[in-house]
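Working notes, structure below.
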Amino acid sequence: MKAPETRPTVRGLAALGAVGLVVVAAAVTGTPELTPLAVVIGVPLVISPWLAHRRARRTLAAMEIHAHAEPGAGEVGCEMNVKLSFTNRSTRSPTLPPLGLPPMGGQWHARGADRRYSPRHRLLAPSVPALTAMPNPSSGRTESCMIPVPTGRRGVLELSSQRCWTHDPLGLFGAPGPSTPVVVGVVHPAPVRPSQPIVGLPSEMAGAAAPRASSSGSGLGDLEGIRPYVAGDRLSLLHWPAKARYGTWFVRQFGAEGTIAVPIVVDDRVGVHRRAEFDRLVSAVLWTLDEALGSGRAVHLLTLTGRSYPLEPTERGHAEARLVLAELQPVGMPSSAWVPSIPIDAIVVTTQTGSERLTHRPVTSAIPGVADDPVLPVMNATQVVVI
């Protein structure tokens, strides 16, 4: 157990300043009568750090905190909360010192984003009025509280570990107590039907798929990508590079023999979409994916920047589609001469501004040799849906 770092609050700094002023005034004016006043103010300043430190050690030794989002995923604008559960494991005292948690509204950030902390937060302990009082269960009991999750925008939101604080009775010094676990909440877009009809999508989903030969050579079908590992998957399918990058196990995903996934391509190029239009684009893509997966057909979701996501017509496939679109943001092209590989029957979904930088050309046409051409040639696509 790490010893807590006791720090003064703003009130503690004010008290220290008051003692200094009294001592200076007594020395300058030659009035020793001010000495008792300095002692009265200074004694609590001597005792308070020890009291705050002792309280923090008690909470660190006895309090356990668990946290999770309820629900774990939801549409933009839905009600989502973090449930914090406090369990008192102490057997010696019935109650523990009170704990407070700083406001967490501004502590949410996109997963993987860099965060910078204010130096003031490192030097001073938060004042008691600035904290939200946490449950203080008796020995052997658990109490919970709910904290809202900001769901105004889509994304995979992460709440980093937050330290609870405990103070001395006068609130002059504070010390960090137990920390909350990291919480992740998925805010995905609400599916919205595209205003432009997607020609051929219903027949593609309802019709029988043409058989195709396996290119894997192992009877597993074509390699479509990777997916999270589940109990029962063959260990020979484990994907080690994904383990090194994401810290969890993934397995290689193969398409079933004789089936063709519906190819849907998302225009995710940076600098060609307005923000509101791109959000509508993602919502329309989610509706399209729901329609395709709900009809029992697999989907191969592609992007113009080279990302690929195989989705199966299962509950997991629906969840993966929401997770992908929750954090999908425009990115730069791999290179100035990049030409995406798009299946011949793909459906490209883009915005009005994005469509102005797409051109159609036959399969037999030559690739343009101008590397800095802002217009991206889209090969073989059956149709382009403009949102």
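Numbering starts fresh at 1 for the residues of each chain in the structure tokens, the chains themselves are lettered A, B, ... in the order given, and ligands are numbered from 1 as they appear.
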Contacts of Trp249 (chain A) within 10 Å, only C-alpha atoms, excl. fewer than 3 positions in-chain, as a PyMOL selection string: chain A and resi 226-230+238-246
List every residue of region 24-148 of chain A that DSSP, applied to the backbone of this structure, places in strand (DSSP E), and write the result as a ChimeraX atom specification. /A:63-70,73-75,81-88,100-101,108-110,132-133,142-148
Grab the residues selected above and save them as a PDB file, in the first residue's frame with C-alpha atoms.
ATOM      1  CA  MET A  63     -12.247   0.409   0.903  1.00  0.00           C
ATOM      2  CA  GLU A  64     -12.695  -1.356  -2.451  1.00  0.00           C
ATOM      3  CA  ILE A  65     -14.207   0.430  -5.428  1.00  0.00           C
ATOM      4  CA  HIS A  66     -15.783  -1.199  -8.491  1.00  0.00           C
ATOM      5  CA  ALA A  67     -17.162   0.662 -11.495  1.00  0.00           C
ATOM      6  CA  HIS A  68     -18.875  -0.076 -14.797  1.00  0.00           C
ATOM      7  CA  ALA A  69     -21.091   1.729 -17.295  1.00  0.00           C
ATOM      8  CA  GLU A  70     -24.837   0.964 -17.366  1.00  0.00           C
ATOM      9  CA  ALA A  73     -23.241   0.874 -25.027  1.00  0.00           C
ATOM     10  CA  GLY A  74     -25.991   3.209 -26.174  1.00  0.00           C
ATOM     11  CA  GLU A  75     -27.039   5.634 -28.883  1.00  0.00           C
ATOM     12  CA  ASN A  81     -24.414   6.153 -16.082  1.00  0.00           C
ATOM     13  CA  VAL A  82     -21.338   4.879 -14.312  1.00  0.00           C
ATOM     14  CA  LYS A  83     -22.205   2.773 -11.291  1.00  0.00           C
ATOM     15  CA  LEU A  84     -19.617   3.190  -8.531  1.00  0.00           C
ATOM     16  CA  SER A  85     -19.798   0.527  -5.813  1.00  0.00           C
ATOM     17  CA  PHE A  86     -17.961   1.053  -2.515  1.00  0.00           C
ATOM     18  CA  THR A  87     -17.314  -1.965  -0.295  1.00  0.00           C
ATOM     19  CA  ASN A  88     -16.061  -1.603   3.276  1.00  0.00           C
ATOM     20  CA  GLY A 100     -15.074  12.790  -1.890  1.00  0.00           C
ATOM     21  CA  LEU A 101     -14.589  12.579  -5.636  1.00  0.00           C
ATOM     22  CA  TRP A 108     -14.102  11.825 -20.052  1.00  0.00           C
ATOM     23  CA  HIS A 109     -11.978  11.528 -23.168  1.00  0.00           C
ATOM     24  CA  ALA A 110     -11.816   9.494 -26.337  1.00  0.00           C
ATOM     25  CA  THR A 132     -18.935  15.036  -4.505  1.00  0.00           C
ATOM     26  CA  ALA A 133     -19.570  13.025  -1.349  1.00  0.00           C
ATOM     27  CA  THR A 142     -21.578  -2.202  -0.129  1.00  0.00           C
ATOM     28  CA  GLU A 143     -23.229   1.004  -1.302  1.00  0.00           C
ATOM     29  CA  SER A 144     -23.413   2.465  -4.793  1.00  0.00           C
ATOM     30  CA  CYS A 145     -23.945   5.755  -6.566  1.00  0.00           C
ATOM     31  CA  MET A 146     -24.568   6.723 -10.189  1.00  0.00           C
ATOM     32  CA  ILE A 147     -22.582   9.281 -12.184  1.00  0.00           C
ATOM     33  CA  PRO A 148     -23.853  10.366 -15.619  1.00  0.00           C
TER      34      PRO A 148
END
Provide the CA of Tyr309 (chain A) to CA of Ala321 (chain A) distance in Å, to one decimal place. 8.4 Å
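If you measure from each of A:Ile347, A:Val183, A:Leu304, A:Leu286 to Gly317 (chain A) using only C-alpha atoms, the closest one turns out to be A:Leu286.
Straight-line separation from CA of Ile264 (chain A) to CA of Val331 (chain A): 17.9 Å.
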When you look at Thr303 (chain A) with a cut-off of 7 Å (counting only C-alpha atoms), what residues show up, excluding the ones that are within fewer than 5 positions of it in the same chain? I need them as a VMD selection string. chain A and resid 265 to 268 308
Store the residues picked out above, limited to C-alpha atoms, as a PDB file, in the first residue's frame.
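Result went into part_31.pdb, see below:
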ATOM      1  CA  VAL A 265     -17.320   1.058 -48.287  1.00  0.00           C
ATOM      2  CA  VAL A 266     -17.227   4.159 -46.050  1.00  0.00           C
ATOM      3  CA  ASP A 267     -15.556   7.350 -47.235  1.00  0.00           C
ATOM      4  CA  ASP A 268     -13.391   8.200 -44.214  1.00  0.00           C
ATOM      5  CA  SER A 308     -11.337  -3.515 -43.094  1.00  0.00           C
TER       6      SER A 308
END
Leaving out Leu159 (chain A) and any residue of its chain fewer than 2 positions from it, which residues lie within 9 Å of it when counting only C-alpha atoms, given as a short mmCIF file (atom, residue, chain, number, x, y, z; two decimals) with C-alpha atoms, in the first residue's frame?
data_model
loop_
_atom_site.label_atom_id
_atom_site.label_comp_id
_atom_site.auth_asym_id
_atom_site.auth_seq_id
_atom_site.Cartn_x
_atom_site.Cartn_y
_atom_site.Cartn_z
CA MET A 104 -15.86 13.91 -13.52
CA GLN A 107 -12.56 13.87 -17.23
CA TRP A 108 -14.10 11.83 -20.05
CA HIS A 109 -11.98 11.53 -23.17
CA ALA A 110 -11.82 9.49 -26.34
CA ARG A 111 -10.03 6.20 -25.89
CA LEU A 157 -15.35 7.22 -24.09
CA SER A 161 -8.81 6.27 -12.84
CA GLN A 162 -9.95 9.03 -10.45
CA PRO A 181 -11.18 1.75 -11.92
CA VAL A 182 -10.99 2.80 -15.56
CA VAL A 183 -14.46 2.87 -17.13
CA VAL A 184 -15.23 2.59 -20.86
CA GLY A 185 -18.56 3.50 -22.41
#
Could you build a table of the residues in region 65-126 of chain A lying no more than 7 Å from region 3-27 of chain A, giving for each the nearest pair of atoms and their separation in Å rounded to one decimal place, using only C-alpha atoms, ordered by chain and ascending residue number, as a tab-separated table?
residue	atom	partner	partner_atom	distance
A:Leu123	CA	A:Arg7	CA	6.9
A:Leu124	CA	A:Thr9	CA	5.5
A:Ala125	CA	A:Thr9	CA	4.9
A:Pro126	CA	A:Thr9	CA	6.0
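Taking CA of Thr353 (chain A) as the reference point, CA of Pro150 (chain A) is found at 29.5 Å.
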Just want the 8 Å neighbourhood of region 269-278 of chain A, counted on only C-alpha atoms, with same-chain residues fewer than 4 positions away dropped. Output as a CSV table (one decimal) with C-alpha atoms, in the first residue's frame.
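The new file out_11.csv reads:
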chain,number,residue,atom,x,y,z
A,282,VAL,CA,-21.9,7.2,-40.0
A,304,LEU,CA,-11.3,4.3,-48.5
A,305,THR,CA,-8.2,4.7,-46.3
A,330,PRO,CA,-11.7,10.6,-40.8
A,331,VAL,CA,-8.0,9.8,-41.2
A,332,GLY,CA,-5.3,10.6,-43.8
A,333,MET,CA,-4.7,8.5,-46.8
A,351,THR,CA,-21.1,12.9,-48.3
A,353,THR,CA,-18.4,17.1,-50.4
A,354,GLY,CA,-16.8,13.7,-50.5
A,357,ARG,CA,-13.7,14.1,-55.0
A,387,ILE,CA,-25.7,11.2,-47.7
Env of region 57-59 of chain A: 8 Å cut, atoms = only C-alpha atoms, seq-sep filter 2 positions within chain, self excluded. Answer as a ChimeraX atom specification. /A:3-4,53-55,61-63,96-97,177-178
Using only C-alpha atoms, which of the listed residues (A:Leu301, A:Val28, A:Val385, A:Leu45) sits closest to Thr350 (chain A)? A:Val385
